[in-house]
Number of protein chains: 2
Amino acid sequence: MTRAPLSPTPRSTPKRHGDRARSDRAELDAVLDEGLICHLGFVRDGAPVVLPTCYGRDGDTLFLHGSSGATSMMEGGKGVEVSVCVTLLDAIVYARSVFNHSANYRSVVVHGAARPLTTDVEKLHALEAITEHLAPGSWTHARQPDRKELAATAVLAIDLIEASLKVRTGPPGDDPEPGVWAGLLPVRQSFGVPESAPDADIDAPGHVVSRLA
Amino acid sequence: MTRAPLSPTPRSTPKRHGDRARSDRAELDAVLDEGLICHLGFVRDGAPVVLPTCYGRDGDTLFLHGSSGATSMMEGGKGVEVSVCVTLLDAIVYARSVFNHSANYRSVVVHGAARPLTTDVEKLHALEAITEHLAPGSWTHARQPDRKELAATAVLAIDLIEASLKVRTGPPGDDPEPGVWAGLLPVRQSFGVPESAPDADIDAPGHVVSRLA
């Protein structure tokens with residue numbers, strides 16, 4: 001599949017710690033695929049709003065469930081400028097100085113116009129991507145949206161062109177200091193044992209259980 | 001300690017799923033205290049920007065490390081409108097229909113003007129809150145900021161007044177469907193075994209190791 005290159009616009013170029021900027025498209029995709037939720041930013045009445053939401057990706061397109069504020073701004077089918085951030089926190093970095101404390105992380109920031117999808121075909125395609133991102137296997141195991149549900153669901157599409165990736169890895173960078181510890185405290189996100197709904201008549205299927213591995 | 005009440009302004013009132021809105025100040029504080037990073041949103045050249053950053057809290061004030069964009073907008077000591085979001089993802093909610101798939105989460109959204117701190121006393125107080133939030137115990141174990149480091153660090157303060165908390169808990173809400181699983185897949189964030197820096201001369205101290213419990 002041919003992929004669009006990442007664009008080096010000023011706003012997709014990190015202002016601080018330029019050494020942490022990465023330009024590898026596959027690395028950026030991997031962060032988007034590993035994350036579970038994103039934070040969506042938009043402007044309402046001149047002020048910023050940030051909300052968590054679910055997302056999915058297909059190639060160079062990011063799909064979002066339309067959130068409250070964004071949805072209200074999409075009337076008339078106009079696109080709205082958004083910023084979407086997906087962050088994976090890998091470790092807390094303990095240094096000898098408070099000043100050099102930090103975090104190891106991988107973070108993608110996407111800028112662009114969020115285009116509300118209008119046709120059922122487009123919306124179904126996007127919802128499959130969002131569902132399979134959040135709950136792989138559910139698109140075929142669960143009942144797919146009917147006409148009424150589809151009409152009630154707002155979906156946004158954003159081109160993954162103006163996007164940047166920042167990564168910090170490795171130990172703290174300051175000088176040794178006798179008797180002061182420095183190192184990493186890894187942070188991990190993991191899944192727990194599935195909890196069946198009280199009225200579920202089967203055990204958690206393989207596509208759910210396999211996520212614990 | 002006397003605490004300011006949460007304000008019910010339109011933008012701090014969730015537009016969707018009003019039933020998930022909570023007004024308990026202690027519950028809101030607990031989410032801020034449990035989270036490790038926040039997502040900071042601001043407006044640059046008319047467009048939204050969302051970035052991850054560290055934060056700390058002292059009573060009704062949220063402190064943030066000044067980020068790239070926000071810092072560039074603070075010149076002259078003016079406050080800038082921001083939105084700060086801290087999200088704890090608790091579970092993925094599998095329903096019988098794709099439409100009812102969801103996530104259990106606790107999410108705080110704060111709106112307000114971010115005030116850049118200017119005096120050393122204010123900045124030290126805020127940096128202690130940020131450090132003790134990210135790495136409890138480091139403020140006294142590690143070397144505190146010297147004059148030069150303090151000058152190089154931008155810190156923002158935001159009043160925790162216009163803030164809202166949304167929470168989803170419990171199983172999926174749709175009707176039973178034979179042979180289709182429904183339930184929760186818990187999502188957990190945990191700490192791994194500390195990894196000492198190659199040049200560290202002591203083992204990870206108690207204030208680090210105790211976080212694994």
# chains A, B, ... in the order shown; residues from 1 in each chain; ligands from 1
>>> closest_atom_pairs(of="chain A", to="chain B", cutoff="6 Å", atoms="only C-alpha atoms", output="JSON lines")
{"residue": "A:Lys15", "atom": "CA", "partner": "B:Ser68", "partner_atom": "CA", "distance": 5.5}
{"residue": "A:Arg16", "atom": "CA", "partner": "B:Ser68", "partner_atom": "CA", "distance": 5.7}
{"residue": "A:Gly41", "atom": "CA", "partner": "B:Pro48", "partner_atom": "CA", "distance": 5.8}
{"residue": "A:Phe42", "atom": "CA", "partner": "B:Pro48", "partner_atom": "CA", "distance": 5.2}
{"residue": "A:Val43", "atom": "CA", "partner": "B:Pro48", "partner_atom": "CA", "distance": 5.9}
{"residue": "A:Pro48", "atom": "CA", "partner": "B:Phe42", "partner_atom": "CA", "distance": 5.2}
{"residue": "A:Val49", "atom": "CA", "partner": "B:Ser83", "partner_atom": "CA", "distance": 5.3}
{"residue": "A:Val50", "atom": "CA", "partner": "B:Ser83", "partner_atom": "CA", "distance": 5.8}
{"residue": "A:Ser68", "atom": "CA", "partner": "B:Lys15", "partner_atom": "CA", "distance": 5.5}
{"residue": "A:Val82", "atom": "CA", "partner": "B:Pro48", "partner_atom": "CA", "distance": 5.8}
{"residue": "A:Ser83", "atom": "CA", "partner": "B:Val49", "partner_atom": "CA", "distance": 5.3}
{"residue": "A:Arg96", "atom": "CA", "partner": "B:Ala142", "partner_atom": "CA", "distance": 5.1}
{"residue": "A:Ser97", "atom": "CA", "partner": "B:Arg143", "partner_atom": "CA", "distance": 4.4}
{"residue": "A:Val98", "atom": "CA", "partner": "B:Gln144", "partner_atom": "CA", "distance": 5.4}
{"residue": "A:Phe99", "atom": "CA", "partner": "B:Pro145", "partner_atom": "CA", "distance": 5.9}
{"residue": "A:Ala142", "atom": "CA", "partner": "B:Ser97", "partner_atom": "CA", "distance": 5.1}
{"residue": "A:Arg143", "atom": "CA", "partner": "B:Ser97", "partner_atom": "CA", "distance": 4.4}
{"residue": "A:Gln144", "atom": "CA", "partner": "B:Val98", "partner_atom": "CA", "distance": 5.5}
{"residue": "A:Pro145", "atom": "CA", "partner": "B:Phe99", "partner_atom": "CA", "distance": 5.9}
{"residue": "A:Pro171", "atom": "CA", "partner": "B:Ala197", "partner_atom": "CA", "distance": 5.8}
{"residue": "A:Trp181", "atom": "CA", "partner": "B:Ala200", "partner_atom": "CA", "distance": 5.9}
{"residue": "A:Ala182", "atom": "CA", "partner": "B:Ala197", "partner_atom": "CA", "distance": 5.5}
{"residue": "A:Gly183", "atom": "CA", "partner": "B:Ser196", "partner_atom": "CA", "distance": 4.2}
{"residue": "A:Leu184", "atom": "CA", "partner": "B:Glu195", "partner_atom": "CA", "distance": 5.0}
{"residue": "A:Leu185", "atom": "CA", "partner": "B:Pro194", "partner_atom": "CA", "distance": 4.6}
{"residue": "A:Pro186", "atom": "CA", "partner": "B:Gly192", "partner_atom": "CA", "distance": 4.8}
{"residue": "A:Val187", "atom": "CA", "partner": "B:Phe191", "partner_atom": "CA", "distance": 4.6}
{"residue": "A:Arg188", "atom": "CA", "partner": "B:Ser190", "partner_atom": "CA", "distance": 5.2}
{"residue": "A:Gln189", "atom": "CA", "partner": "B:Gln189", "partner_atom": "CA", "distance": 4.4}
{"residue": "A:Ser190", "atom": "CA", "partner": "B:Arg188", "partner_atom": "CA", "distance": 5.2}
{"residue": "A:Phe191", "atom": "CA", "partner": "B:Val187", "partner_atom": "CA", "distance": 4.6}
{"residue": "A:Gly192", "atom": "CA", "partner": "B:Pro186", "partner_atom": "CA", "distance": 4.8}
{"residue": "A:Pro194", "atom": "CA", "partner": "B:Leu185", "partner_atom": "CA", "distance": 4.6}
{"residue": "A:Glu195", "atom": "CA", "partner": "B:Leu184", "partner_atom": "CA", "distance": 5.0}
{"residue": "A:Ser196", "atom": "CA", "partner": "B:Gly183", "partner_atom": "CA", "distance": 4.2}
{"residue": "A:Ala197", "atom": "CA", "partner": "B:Gly183", "partner_atom": "CA", "distance": 4.4}
{"residue": "A:Ala200", "atom": "CA", "partner": "B:Ala182", "partner_atom": "CA", "distance": 5.8}
{"residue": "A:Ile202", "atom": "CA", "partner": "B:Trp181", "partner_atom": "CA", "distance": 5.9}
>>> atom_distance(atom1="CA of Lys166 in chain B", atom2="CA of Asp19 in chain B")
8.7 Å
>>> select_by_dssp(residues="range 59-161 of chain A", states="strand (DSSP E)", output="PyMOL selection string")
chain A and resi 61-65+80-94+102-116+155-159
>>> residues_around(residues="Ala126 in chain B", least_positions_apart="4", cutoff="10 Å", atoms="only C-alpha atoms", output="VMD selection string")
chain B and resid 55 to 58 61 to 65 117 120 to 122 130 to 132 155 to 157
>>> closest_residue(among="A:Ile161, A:Gly59, A:Ser210, A:Gly35", to="Ala129 in chain A", atoms="only C-alpha atoms")
A:Gly59
>>> select_by_dssp(residues="chain A", states="alpha helix (DSSP H)", output="PyMOL selection string")
chain A and resi 25-34+68-73+120-134+138-141+147-151+206-209
>>> decode(residues="range 26-60 of chain A", atoms="C-alpha atoms", output="PDB file, in the first residue's frame")
ATOM      1  CA  ALA A  26       5.584   2.837  10.489  1.00  0.00           C
ATOM      2  CA  GLU A  27       6.632   3.877  13.994  1.00  0.00           C
ATOM      3  CA  LEU A  28       3.864   6.480  14.046  1.00  0.00           C
ATOM      4  CA  ASP A  29       1.298   3.933  12.862  1.00  0.00           C
ATOM      5  CA  ALA A  30       2.471   1.498  15.541  1.00  0.00           C
ATOM      6  CA  VAL A  31       1.776   4.049  18.293  1.00  0.00           C
ATOM      7  CA  LEU A  32      -1.690   4.729  16.902  1.00  0.00           C
ATOM      8  CA  ASP A  33      -2.371   1.007  16.716  1.00  0.00           C
ATOM      9  CA  GLU A  34      -1.131   0.300  20.250  1.00  0.00           C
ATOM     10  CA  GLY A  35      -3.066   3.128  21.903  1.00  0.00           C
ATOM     11  CA  LEU A  36      -6.617   2.510  23.072  1.00  0.00           C
ATOM     12  CA  ILE A  37      -8.024   6.018  23.341  1.00  0.00           C
ATOM     13  CA  CYS A  38      -7.056   9.414  21.985  1.00  0.00           C
ATOM     14  CA  HIS A  39      -7.521  12.953  23.207  1.00  0.00           C
ATOM     15  CA  LEU A  40      -9.372  15.152  20.736  1.00  0.00           C
ATOM     16  CA  GLY A  41      -8.889  18.920  20.829  1.00  0.00           C
ATOM     17  CA  PHE A  42     -11.013  21.498  19.068  1.00  0.00           C
ATOM     18  CA  VAL A  43     -11.949  25.142  19.467  1.00  0.00           C
ATOM     19  CA  ARG A  44     -15.389  26.142  20.750  1.00  0.00           C
ATOM     20  CA  ASP A  45     -16.295  29.821  21.109  1.00  0.00           C
ATOM     21  CA  GLY A  46     -12.619  30.663  20.776  1.00  0.00           C
ATOM     22  CA  ALA A  47     -11.528  28.433  23.633  1.00  0.00           C
ATOM     23  CA  PRO A  48      -9.838  25.029  23.498  1.00  0.00           C
ATOM     24  CA  VAL A  49     -11.677  21.854  24.497  1.00  0.00           C
ATOM     25  CA  VAL A  50      -9.991  18.483  25.043  1.00  0.00           C
ATOM     26  CA  LEU A  51     -12.012  15.275  25.353  1.00  0.00           C
ATOM     27  CA  PRO A  52     -11.101  11.578  25.382  1.00  0.00           C
ATOM     28  CA  THR A  53     -12.616   9.401  22.676  1.00  0.00           C
ATOM     29  CA  CYS A  54     -12.233   6.165  20.747  1.00  0.00           C
ATOM     30  CA  TYR A  55     -10.610   5.986  17.351  1.00  0.00           C
ATOM     31  CA  GLY A  56      -9.566   3.686  14.562  1.00  0.00           C
ATOM     32  CA  ARG A  57      -7.162   3.842  11.650  1.00  0.00           C
ATOM     33  CA  ASP A  58      -7.240   2.612   8.091  1.00  0.00           C
ATOM     34  CA  GLY A  59      -4.059   3.407   6.209  1.00  0.00           C
ATOM     35  CA  ASP A  60      -3.642   7.171   6.130  1.00  0.00           C
TER      36      ASP A  60
END
